[in-house]
Every structure is written in C-alpha cells, then in structure tokens.
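Student: Have a look at this one before I ask anything.
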Amino acid sequence: MQLPILSDNDLNQILNEKQKTSYLAMYSSYFGGITKNPKWMMLPIDDHIVHRGDGVFEAFKFLDAKIYGLNEHIDRLYRSAATIELDPQHSKSEIKEIILQTVRAAQTSDGLVRLYLSRGPGGFTTNPYDCAKPGLYIVVTPFVAVAPEKYLKGVTAKISKYQAKDSFYSQIKSCNYLQNVLMKKDAVDSGVDFTVAIDSEGFITEGSTENCAFISSDNELLIPSFANTLRGITLTRMIELAESLVKTGEIKSIREMRVSQPQAFAAKEMAFVGTTLDVLPVRSLNNQNIGEGKAGPIFQKLFKLIIEDVASRDSKMNTNIMN
Ligand SMILES: Cc1ncc(COP(=O)(O)O)c(C=O)c1O
C-alpha cells in the first residue's frame, strides 16, 4: 500500500467532506477567534490536552437563550485548573465574555457548550513547561435531551467493574477521563444505561459523568460523599432545592455521607444527577429493583424543581446569552 502525500487542495477537499457535522461554533485560542465551519474545528496535535490529557474542561447547557450555571461552571473550571497548577491566563469575566460570544455565534437558543482549557501546544513529552501558554477551546453543539419516557420508567444501572478514582483525581474535571470512558463502556457492554463506581473501601461514589443520590427507607436524601466525587453543579443546586421538601416533610433530612452498597440496594429511590440529565430516576441496580422498580415520587419532584429552575428567568443559576 502506498500512502498518498496530500496536497493543500486534497486536504481542503477532504475537510470539506468532513464538514457535515452539526457543530455550530468553535472558539480556538490557537486561531484567536471563532469559526462556524466544522472543518476547522480541530486541535493542534502537540497540545498536551491531545497526547497527555493535560487539561481541564466543563460542559454546560443553554436552553431558551439562558445558560444554566455559567458562573458555577467557570468557578469549577478555575478550581480544576488550580489543582493541576494551570494558570488560565484570563480573568473569569474574560472567559465568560469569550463563552457568550461563541454561544451567540452559534445562532441558536438551545445548545451544549464544551470548554477545554489545555496546557497548550508545545511538545510531545510529559514536561508541561514545553507548552508556551494554555490553550482555550470552546465548542457549541446542539443539545440532545434524554428521552422523556426514561424519566417515567427509570433507567438501569450496575456497579462498575472499574474502581472510582482516588479523592484527589475525582475532584478535578480533567481531560484525563479514561476511567470514566471505561465505566461507560462497561455500561454499554453490560446492556445497562449507567454504571456507578465504588471506592477502594466499597462505598458508592458516582457515575461515569454524573453524580448519584438515594432516598433511604426512612426518607433521607443521601448524597455520596463529595470527598470521592466531582462536586456536580446540578447536584449542588438539587440539594438547595430539596430544602423545600424537607420543610414540607416529604424528605426527613439531607445527608452527605459515605453510602455503602447495602444502603444503596436498600434505598427506596435512586437517581443520577448531572447537566444533561437533570435528575434521572434509576429503576434497578445490578438487576435488583430499587424501591418499586420504577421512577420514585421524590426524585420525580426534584426533577420537576430542577427543570423549573432551568426554565426560570429569575433563577440565580441562569445567564441570558445576550447579556
Ligand atoms: C465525573 C462527573 N461527575 C459528576 C458530573 C455532574 O456534574 P454537573 O452537574 O456539573 O454536570 C459530571 C459532569 O460533568 C462528571 O463528569
């Protein structure tokens, strides 16, 4: 087999054919601007984010021209960056402005934003000092919601064959998501919707890219300890909104704690919680019914509270994309 040496013309033609994706807009610090043409939505191969996973990221949605949790996602990005000793070299308000301009360029009121802050282009070794300055890449795609019937029937889950990350790595939303990828593969290969990882001592942590929560048999909302999970923006907001159910007596209390596997299997309700799912009830874990084996009433209520919050113009979580 003789490989072709491609001319610029050949490459242009190939890239034009690959253009048929639905990516709407991308900001790249490498180009210093925004492109709407998917053929240019690429990263430099010597960026450490590509060959070492050396970068941090965020994913957040905008619906009806409002970005949900924008400030909270930027804050978490900065926390992740600080933990890996990466200076974003932009103030939070500068990053916010770059995000807003990229979202507006996408010319849609609903979408998903993925933001990657990388060590930057520079070299192929592990040495981060090879990289002259960080890279920032932001891509806007359409938002694909979970099928509505899943919220009624509940989803299936199993304990992952892959162990949770240790405490230090679980707190960083890094682009080194191999463990998360393998957890998702485990779910697909096992024919379930989600997997949930346990830590080295057997306690429940989180899903591949979502937190989880339980309602115990005596009506407590149990949150697996944040010492071993990523502090989800959606879960943090759900906990705030759940206070109203404590007031009405529908929930006895809210407890962040180490949740054992027996406690998980004995729960009346379980749900996955995250940006794209909101609050998604679980009907079975390892083929064992959770509660009555269908979406439970408390997580259905918490789902409703979150989607009302996402839709509300007055919620502290929302930023209008035109601001
Ligand atoms: C490992 C992990 N846990 C939990 C979450 C949920 O976080 P959020 O609600 O901020 O999307 C995510 C998603 O970003 C994640 O990647």
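Each chain in the structure tokens gets a letter, A, B, ..., in the order shown, and its residues are numbered from 1; ligands are numbered from 1 in order too.
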Need the shell around Phe62 of chain A: protein/DNA/RNA residues with any atom at most 9 Å away, counting only C-alpha atoms. Skip same-chain ones fewer than 6 positions apart. Format as a PyMOL selection string?

Tutor: chain A and resi 68+103+109-113+143+310+318-321

Student: Could the residues in this selection be saved with all heavy atoms as a compact mmCIF listing (two decimals), in the first residue's frame?

Tutor:
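Here's the written file again_29.txt:
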# COMPACT_ATOMS: atom_id res chain seq x y z
N TYR A 68 -27.33 27.71 31.89
CA TYR A 68 -27.60 27.25 33.25
C TYR A 68 -26.28 27.03 33.99
O TYR A 68 -25.42 26.26 33.54
CB TYR A 68 -28.41 25.95 33.22
CG TYR A 68 -28.98 25.57 34.57
CD1 TYR A 68 -29.92 26.39 35.19
CD2 TYR A 68 -28.58 24.42 35.23
CE1 TYR A 68 -30.46 26.06 36.43
CE2 TYR A 68 -29.11 24.08 36.46
CZ TYR A 68 -30.05 24.91 37.06
OH TYR A 68 -30.57 24.59 38.29
N VAL A 103 -21.24 31.40 22.04
CA VAL A 103 -22.63 30.91 22.05
C VAL A 103 -23.49 31.74 21.09
O VAL A 103 -24.28 31.19 20.31
CB VAL A 103 -23.20 30.94 23.50
CG1 VAL A 103 -24.71 30.76 23.49
CG2 VAL A 103 -22.55 29.86 24.34
N SER A 109 -30.96 29.08 20.20
CA SER A 109 -31.31 29.38 21.59
C SER A 109 -31.06 28.19 22.52
O SER A 109 -31.06 28.34 23.73
CB SER A 109 -32.77 29.83 21.67
OG SER A 109 -33.58 28.81 21.14
N ASP A 110 -30.86 26.99 21.95
CA ASP A 110 -30.62 25.79 22.77
C ASP A 110 -29.34 25.11 22.31
O ASP A 110 -29.16 24.89 21.10
CB ASP A 110 -31.74 24.75 22.58
CG ASP A 110 -33.10 25.28 23.04
OD1 ASP A 110 -33.15 26.39 23.59
OD2 ASP A 110 -34.09 24.56 22.84
N GLY A 111 -28.51 24.74 23.24
CA GLY A 111 -27.29 24.03 22.84
C GLY A 111 -26.48 23.57 24.03
O GLY A 111 -26.86 23.79 25.19
N LEU A 112 -25.38 22.91 23.71
CA LEU A 112 -24.46 22.44 24.74
C LEU A 112 -23.10 23.06 24.46
O LEU A 112 -22.66 23.09 23.31
CB LEU A 112 -24.36 20.91 24.70
CG LEU A 112 -23.68 20.28 25.90
CD1 LEU A 112 -24.60 20.34 27.13
CD2 LEU A 112 -23.32 18.83 25.63
N VAL A 113 -22.48 23.57 25.52
CA VAL A 113 -21.16 24.18 25.38
C VAL A 113 -20.14 23.26 26.03
O VAL A 113 -20.35 22.81 27.16
CB VAL A 113 -21.11 25.55 26.10
CG1 VAL A 113 -19.73 26.20 25.93
CG2 VAL A 113 -22.21 26.47 25.61
N PHE A 143 -28.14 20.61 21.70
CA PHE A 143 -28.37 19.90 22.97
C PHE A 143 -29.30 18.72 22.71
O PHE A 143 -30.36 18.87 22.12
CB PHE A 143 -29.01 20.85 23.99
CG PHE A 143 -29.37 20.15 25.28
CD1 PHE A 143 -28.37 19.69 26.13
CD2 PHE A 143 -30.70 19.94 25.63
CE1 PHE A 143 -28.68 19.04 27.30
CE2 PHE A 143 -31.02 19.29 26.81
CZ PHE A 143 -30.01 18.83 27.65
N VAL A 310 -34.25 25.58 35.66
CA VAL A 310 -33.59 25.77 34.36
C VAL A 310 -34.43 26.72 33.49
O VAL A 310 -33.89 27.57 32.78
CB VAL A 310 -33.38 24.41 33.63
CG1 VAL A 310 -32.88 24.61 32.21
CG2 VAL A 310 -32.42 23.52 34.41
N ASN A 318 -29.22 31.24 36.18
CA ASN A 318 -29.33 31.49 34.73
C ASN A 318 -28.64 32.78 34.27
O ASN A 318 -28.76 33.82 34.91
CB ASN A 318 -30.80 31.52 34.32
CG ASN A 318 -31.31 30.10 34.06
OD1 ASN A 318 -30.56 29.28 33.52
ND2 ASN A 318 -32.54 29.81 34.44
N THR A 319 -27.96 32.70 33.14
CA THR A 319 -27.34 33.88 32.50
C THR A 319 -27.91 33.99 31.09
O THR A 319 -27.81 33.03 30.30
CB THR A 319 -25.81 33.70 32.39
OG1 THR A 319 -25.29 33.52 33.69
CG2 THR A 319 -25.15 34.90 31.73
N ASN A 320 -28.49 35.14 30.79
CA ASN A 320 -29.04 35.36 29.45
C ASN A 320 -27.88 35.47 28.46
O ASN A 320 -26.91 36.17 28.72
CB ASN A 320 -29.85 36.66 29.48
CG ASN A 320 -30.65 36.85 28.23
OD1 ASN A 320 -30.12 36.71 27.13
ND2 ASN A 320 -31.92 37.12 28.40
N ILE A 321 -27.96 34.77 27.34
CA ILE A 321 -26.81 34.80 26.42
C ILE A 321 -26.61 36.17 25.77
O ILE A 321 -25.55 36.45 25.23
CB ILE A 321 -26.90 33.68 25.31
CG1 ILE A 321 -28.09 33.86 24.40
CG2 ILE A 321 -26.87 32.32 25.94
CD1 ILE A 321 -28.07 32.87 23.23

Student: Mind listing the strand (DSSP E or B) residues of segment 27-192 of chain A, per DSSP on the backbone, as a VMD selection string?

Tutor: chain A and resid 27 to 28 33 to 35 47 55 to 63 66 to 68 111 to 118 121 135 to 141 155 to 159 174

Student: Considering only C-alpha atoms, return as a PyMOL selection string whatever protein or nucleic-acid residues lie within 12 Å of Phe168 of chain A, sequence-local ones (same chain, fewer than 2 positions apart) excluded.

Tutor: chain A and resi 80+83-84+164-166+170-174+226-230

Student: Please report, as an MDAnalysis selection string, each residue of segment 35-229 of chain A to which DSSP assigns alpha helix (DSSP H) when run on this structure's backbone.

Tutor: chainID A and resid 48:51 70:83 92:105 148:153 167:170 178:190

Student: Residues up to 6 Å from ligand 1, counting only C-alpha atoms and all ligand atoms: could you list those as a PyMOL selection string?

Tutor: chain A and resi 208-211+230+232-235+274-275

Student: Generate the output file for the selected residues, N, CA and C atoms, as a compact mmCIF listing (two decimals), in the first residue's frame.

Tutor:
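Below is the file part35.txt, written as the result:
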# COMPACT_ATOMS: atom_id res chain seq x y z
N SER A 208 -20.33 7.64 35.44
CA SER A 208 -19.24 7.99 34.53
C SER A 208 -19.11 9.51 34.37
N THR A 209 -20.22 10.18 34.15
CA THR A 209 -20.20 11.65 34.06
C THR A 209 -21.43 12.23 34.76
N GLU A 210 -21.83 11.62 35.87
CA GLU A 210 -22.98 12.11 36.60
C GLU A 210 -22.87 11.70 38.06
N ASN A 211 -23.42 12.51 38.93
CA ASN A 211 -23.49 12.14 40.34
C ASN A 211 -24.67 11.21 40.56
N LEU A 230 -16.86 14.20 41.91
CA LEU A 230 -16.82 15.57 41.41
C LEU A 230 -18.03 16.32 41.99
N GLY A 232 -20.83 18.12 41.61
CA GLY A 232 -21.69 18.46 40.47
C GLY A 232 -22.45 19.77 40.70
N ILE A 233 -22.55 20.55 39.63
CA ILE A 233 -23.29 21.82 39.74
C ILE A 233 -24.78 21.50 39.91
N THR A 234 -25.25 20.49 39.16
CA THR A 234 -26.67 20.15 39.22
C THR A 234 -27.03 19.58 40.59
N LEU A 235 -26.17 18.69 41.10
CA LEU A 235 -26.45 18.08 42.41
C LEU A 235 -26.42 19.14 43.50
N GLY A 274 -27.07 15.32 36.80
CA GLY A 274 -26.00 15.98 36.04
C GLY A 274 -26.57 16.94 35.00
N THR A 275 -25.67 17.63 34.35
CA THR A 275 -26.07 18.69 33.42
C THR A 275 -27.03 18.24 32.34

Student: I need the residue nearest Gly122 of chain A from this list: A:Phe214, A:Tyr177, A:Tyr30, A:Tyr169. Use only C-alpha atoms for the distance.

Tutor: A:Tyr30

Student: Counting only C-alpha atoms, what is within 12 Å of Gly249 of chain A, bar same-chain residues fewer than 4 positions away, as a list in words?

Tutor: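 Once the adjacent positions are removed, what remains is Asp218, Asn219, Glu220, Leu221, Ala242, Glu243, Ser244, Leu245, Ser253, Ile254 and Ile298 of chain A.
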
Student: Using only C-alpha atoms, can you tell me which of A:Glu292, A:Asp314, A:Asp278, A:Asp8 comes closest to Lys153 of chain A?

Tutor: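 The closest residue to Lys153 of chain A is A:Glu292.
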
Student: May I ask for the distance between atom CA of Val196 of chain A and atom CA of Ile159 of chain A, given in Å to one decimal place?

Tutor: 5.0 Å

Student: Give the answer as one residue: which of A:Ala197, A:Ile74, A:Val192, A:Ile34 has the shortest atom-to-atom distance to Val259 of chain A, using only C-alpha atoms?

Tutor: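 Among the listed residues, the smallest separation from Val259 of chain A belongs to A:Ala197.
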